[in-house]
Amino acid sequence: MANQKDTVARSLKSSHIILPVAIGLLAIAWMFQSEFSTLTDAKTDLSSYFDIQTVLFLFLAFLLACFKDLCSMWRLYLLSDKQLRFPSLFRVRMLYEFTSAVTPSAAGGSALEMLFIHKEGLKFGESTAITIISLFLDELFFVLAFPLFLLFVPFNELFAVSGRVSASIISLFMIGYVFKTVWVLLLFTGIFIKPSVITGMFRKIFAFKFLRKYRVSAYRTAIDIRECSKRMRHKSFRFWFSTIGLSFAMWLSRFSIVNMLIMGFVPLSENLLVIGRQFVIMVVMLIAPTPGGSGFVELMFNNYLGEFIPSGIIALLIVVFWRLLTYYNYLLAGIIIAPRWVSRNFGKKK
């Protein structure tokens, strides 16, 4: 555990944060410069796209973004046995989203979350258990939500691009979904049934020569799962009902942000289909190599949800507002919070 903590701490040095933040800021600057350049060339009055309805739905989208974070913070509050207070919950949430925004989607911010929680006053064993359970709850949502979406949204419509079923999207989605399902089953077995099974399985799998360099990390993961099992497996039904419910509320509110943005500019009747397609985008994002899926997500958004959004300025505005509420806001929060947090926790003491 100590070695793991030291490794994570080194990754939070200012020098490791400046580059992705700089890239994010340059991306924001380029995006806005391109937008306003286009508007000037077209001699378009941007204010003509905004009326009372637009402002109302933009405000609702903002409220959903806040609600999403509040659900995540409340879940963390319950997972910590109500030990963490609002300032700590807020810092952990913002730092987690920030690290997710500056690392490839497959890496995410989970590896650092246990350190964030630990530095807010919880024992490292507690922070490890909370991180593992948070990961389990998020992945459980994706595994359960897919069959639920299929009850209300036809399969062909869920994976259609411009009216045609996309075999490439289905293939990428199934790879991501199978990976998540296997991971959920492993976590469920390790947390609730028999933790020793995971340890034995990892020992055999990572004994192969080409996987040996990952053996230490795999063993640490098995130990983390075992620690999580000790602390979490005997929680009450009410606890699990609340945390699973908050996980569903968190993700569905995130997906609903786009619906609010679209309805701010044009009528939208296929609300559930739009949410379902965003669900697909999030699963496919698992293979995105860029920090926070930047670039990859915008391209998929434009192609996959394009039939619900008029082309041109409105489409650009919706994409920009969406990324501002779900990505660039966390970059900004990280720029403000992370350096101070690193200095406070890892700076030289006098």
# chains A, B, ... in the order shown; residues from 1 in each chain; ligands from 1
call {"tool": "residues_around", "arguments": {"residues": "stretch 62-77 of chain A", "least_positions_apart": "6", "cutoff": "9 Å", "atoms": "only C-alpha atoms", "output": "PyMOL selection string"}}
result
chain A and resi 83-86+89-90+92-94+130+134+242-244+246-247+249-254+256-257+260+325-326
call {"tool": "select_by_dssp", "arguments": {"residues": "stretch 109-330 of chain A", "states": "alpha helix (DSSP H)", "output": "JSON, numbers by chain"}}
result
{"A": [110, 111, 112, 113, 114, 115, 116, 117, 118, 124, 125, 126, 127, 128, 129, 130, 131, 132, 133, 134, 135, 136, 137, 138, 139, 140, 141, 142, 143, 144, 145, 146, 147, 148, 149, 150, 151, 152, 155, 156, 157, 158, 167, 168, 169, 170, 171, 172, 173, 174, 175, 176, 177, 178, 179, 180, 181, 182, 183, 184, 185, 186, 187, 188, 195, 196, 197, 198, 199, 200, 201, 202, 203, 204, 205, 215, 216, 217, 218, 219, 220, 221, 222, 223, 224, 225, 226, 227, 228, 229, 230, 231, 232, 237, 238, 239, 240, 241, 242, 243, 244, 245, 246, 247, 248, 249, 250, 251, 252, 253, 254, 255, 256, 257, 258, 259, 260, 261, 262, 263, 264, 265, 271, 272, 273, 274, 275, 276, 277, 278, 279, 280, 281, 282, 283, 284, 296, 297, 298, 299, 300, 301, 302, 303, 304, 313, 314, 315, 316, 317, 318, 319, 320, 321, 322, 323, 329, 330]}
call {"tool": "residues_around", "arguments": {"residues": "A:Phe146", "least_positions_apart": "6", "cutoff": "12 Å", "atoms": "only C-alpha atoms", "output": "PyMOL selection string"}}
result
chain A and resi 139-140+152-155+158+173-174+176-178+180-181+275-280+282-283
call {"tool": "write_last_selection", "arguments": {"atoms": "N, CA and C atoms", "output": "compact mmCIF listing (two decimals), in the first residue's frame"}}
result
# COMPACT_ATOMS: atom_id res chain seq x y z
N GLU A 139 -19.58 0.62 -12.90
CA GLU A 139 -19.59 -0.42 -13.93
C GLU A 139 -20.90 -1.21 -13.88
N LEU A 140 -21.44 -1.40 -12.69
CA LEU A 140 -22.72 -2.10 -12.55
C LEU A 140 -23.83 -1.36 -13.28
N PHE A 152 -36.92 -0.46 -24.17
CA PHE A 152 -37.65 0.73 -24.62
C PHE A 152 -37.14 1.29 -25.95
N VAL A 153 -35.91 0.94 -26.32
CA VAL A 153 -35.33 1.47 -27.56
C VAL A 153 -34.93 0.30 -28.46
N PRO A 154 -35.44 0.24 -29.69
CA PRO A 154 -35.07 -0.85 -30.61
C PRO A 154 -33.57 -0.90 -30.84
N PHE A 155 -33.03 -2.10 -30.93
CA PHE A 155 -31.59 -2.30 -31.10
C PHE A 155 -31.07 -1.55 -32.32
N LEU A 158 -30.73 2.14 -31.72
CA LEU A 158 -29.70 2.47 -30.73
C LEU A 158 -28.32 2.57 -31.39
N PHE A 173 -18.74 -1.17 -29.24
CA PHE A 173 -19.58 -1.20 -28.04
C PHE A 173 -19.51 -2.56 -27.36
N MET A 174 -19.62 -3.63 -28.14
CA MET A 174 -19.63 -4.97 -27.56
C MET A 174 -18.30 -5.30 -26.89
N GLY A 176 -16.32 -3.09 -25.44
CA GLY A 176 -16.36 -2.35 -24.18
C GLY A 176 -17.34 -2.95 -23.18
N TYR A 177 -18.51 -3.38 -23.67
CA TYR A 177 -19.54 -3.91 -22.78
C TYR A 177 -19.11 -5.26 -22.18
N VAL A 178 -18.51 -6.11 -23.00
CA VAL A 178 -18.04 -7.41 -22.49
C VAL A 178 -16.95 -7.19 -21.44
N LYS A 180 -16.58 -4.59 -19.47
CA LYS A 180 -17.23 -4.11 -18.25
C LYS A 180 -17.96 -5.23 -17.52
N THR A 181 -18.62 -6.10 -18.28
CA THR A 181 -19.36 -7.21 -17.66
C THR A 181 -18.42 -8.16 -16.93
N ILE A 275 -30.62 9.59 -24.92
CA ILE A 275 -29.92 9.13 -23.71
C ILE A 275 -29.24 7.78 -23.97
N GLY A 276 -29.95 6.89 -24.67
CA GLY A 276 -29.39 5.57 -24.98
C GLY A 276 -28.14 5.67 -25.84
N ARG A 277 -28.15 6.56 -26.81
CA ARG A 277 -26.98 6.69 -27.67
C ARG A 277 -25.79 7.30 -26.92
N GLN A 278 -26.08 8.18 -25.97
CA GLN A 278 -24.98 8.70 -25.14
C GLN A 278 -24.38 7.58 -24.29
N PHE A 279 -25.24 6.68 -23.85
CA PHE A 279 -24.77 5.51 -23.11
C PHE A 279 -23.80 4.71 -23.97
N VAL A 280 -24.14 4.52 -25.23
CA VAL A 280 -23.27 3.80 -26.16
C VAL A 280 -21.94 4.54 -26.33
N MET A 282 -20.43 6.48 -24.21
CA MET A 282 -19.62 6.34 -23.00
C MET A 282 -18.93 4.98 -22.95
N VAL A 283 -19.61 3.93 -23.40
CA VAL A 283 -19.00 2.60 -23.41
C VAL A 283 -17.89 2.54 -24.45
call {"tool": "closest_residue", "arguments": {"among": "A:Arg226, A:Arg344, A:Arg91, A:Arg164", "to": "A:Leu186", "atoms": "only C-alpha atoms"}}
result
A:Arg226
call {"tool": "atom_distance", "arguments": {"atom1": "atom CA of A:Leu286", "atom2": "atom CA of A:Glu120"}}
result
29.0 Å
call {"tool": "residues_around", "arguments": {"residues": "A:Val266", "least_positions_apart": "5", "cutoff": "9 Å", "atoms": "only C-alpha atoms", "output": "list in words"}}
result
Leu261, Phe308, Ile309, Pro310 and Ile314 of chain A
call {"tool": "atom_distance", "arguments": {"atom1": "atom CA of A:Val342", "atom2": "atom CA of A:Ala101"}}
result
17.4 Å
call {"tool": "select_by_dssp", "arguments": {"residues": "stretch 141-344 of chain A", "states": "strand (DSSP E)", "output": "list in words"}}
result
Ala160, Val161, Arg164 and Val165 of chain A
call {"tool": "write_last_selection", "arguments": {"atoms": "C-alpha atoms", "output": "PDB file, in the first residue's frame"}}
result
ATOM      1  CA  ALA A 160     -27.885   3.638 -36.159  1.00  0.00           C
ATOM      2  CA  VAL A 161     -25.902   6.415 -37.845  1.00  0.00           C
ATOM      3  CA  ARG A 164     -28.281   2.865 -40.957  1.00  0.00           C
ATOM      4  CA  VAL A 165     -27.021   0.377 -38.391  1.00  0.00           C
TER       5      VAL A 165
END
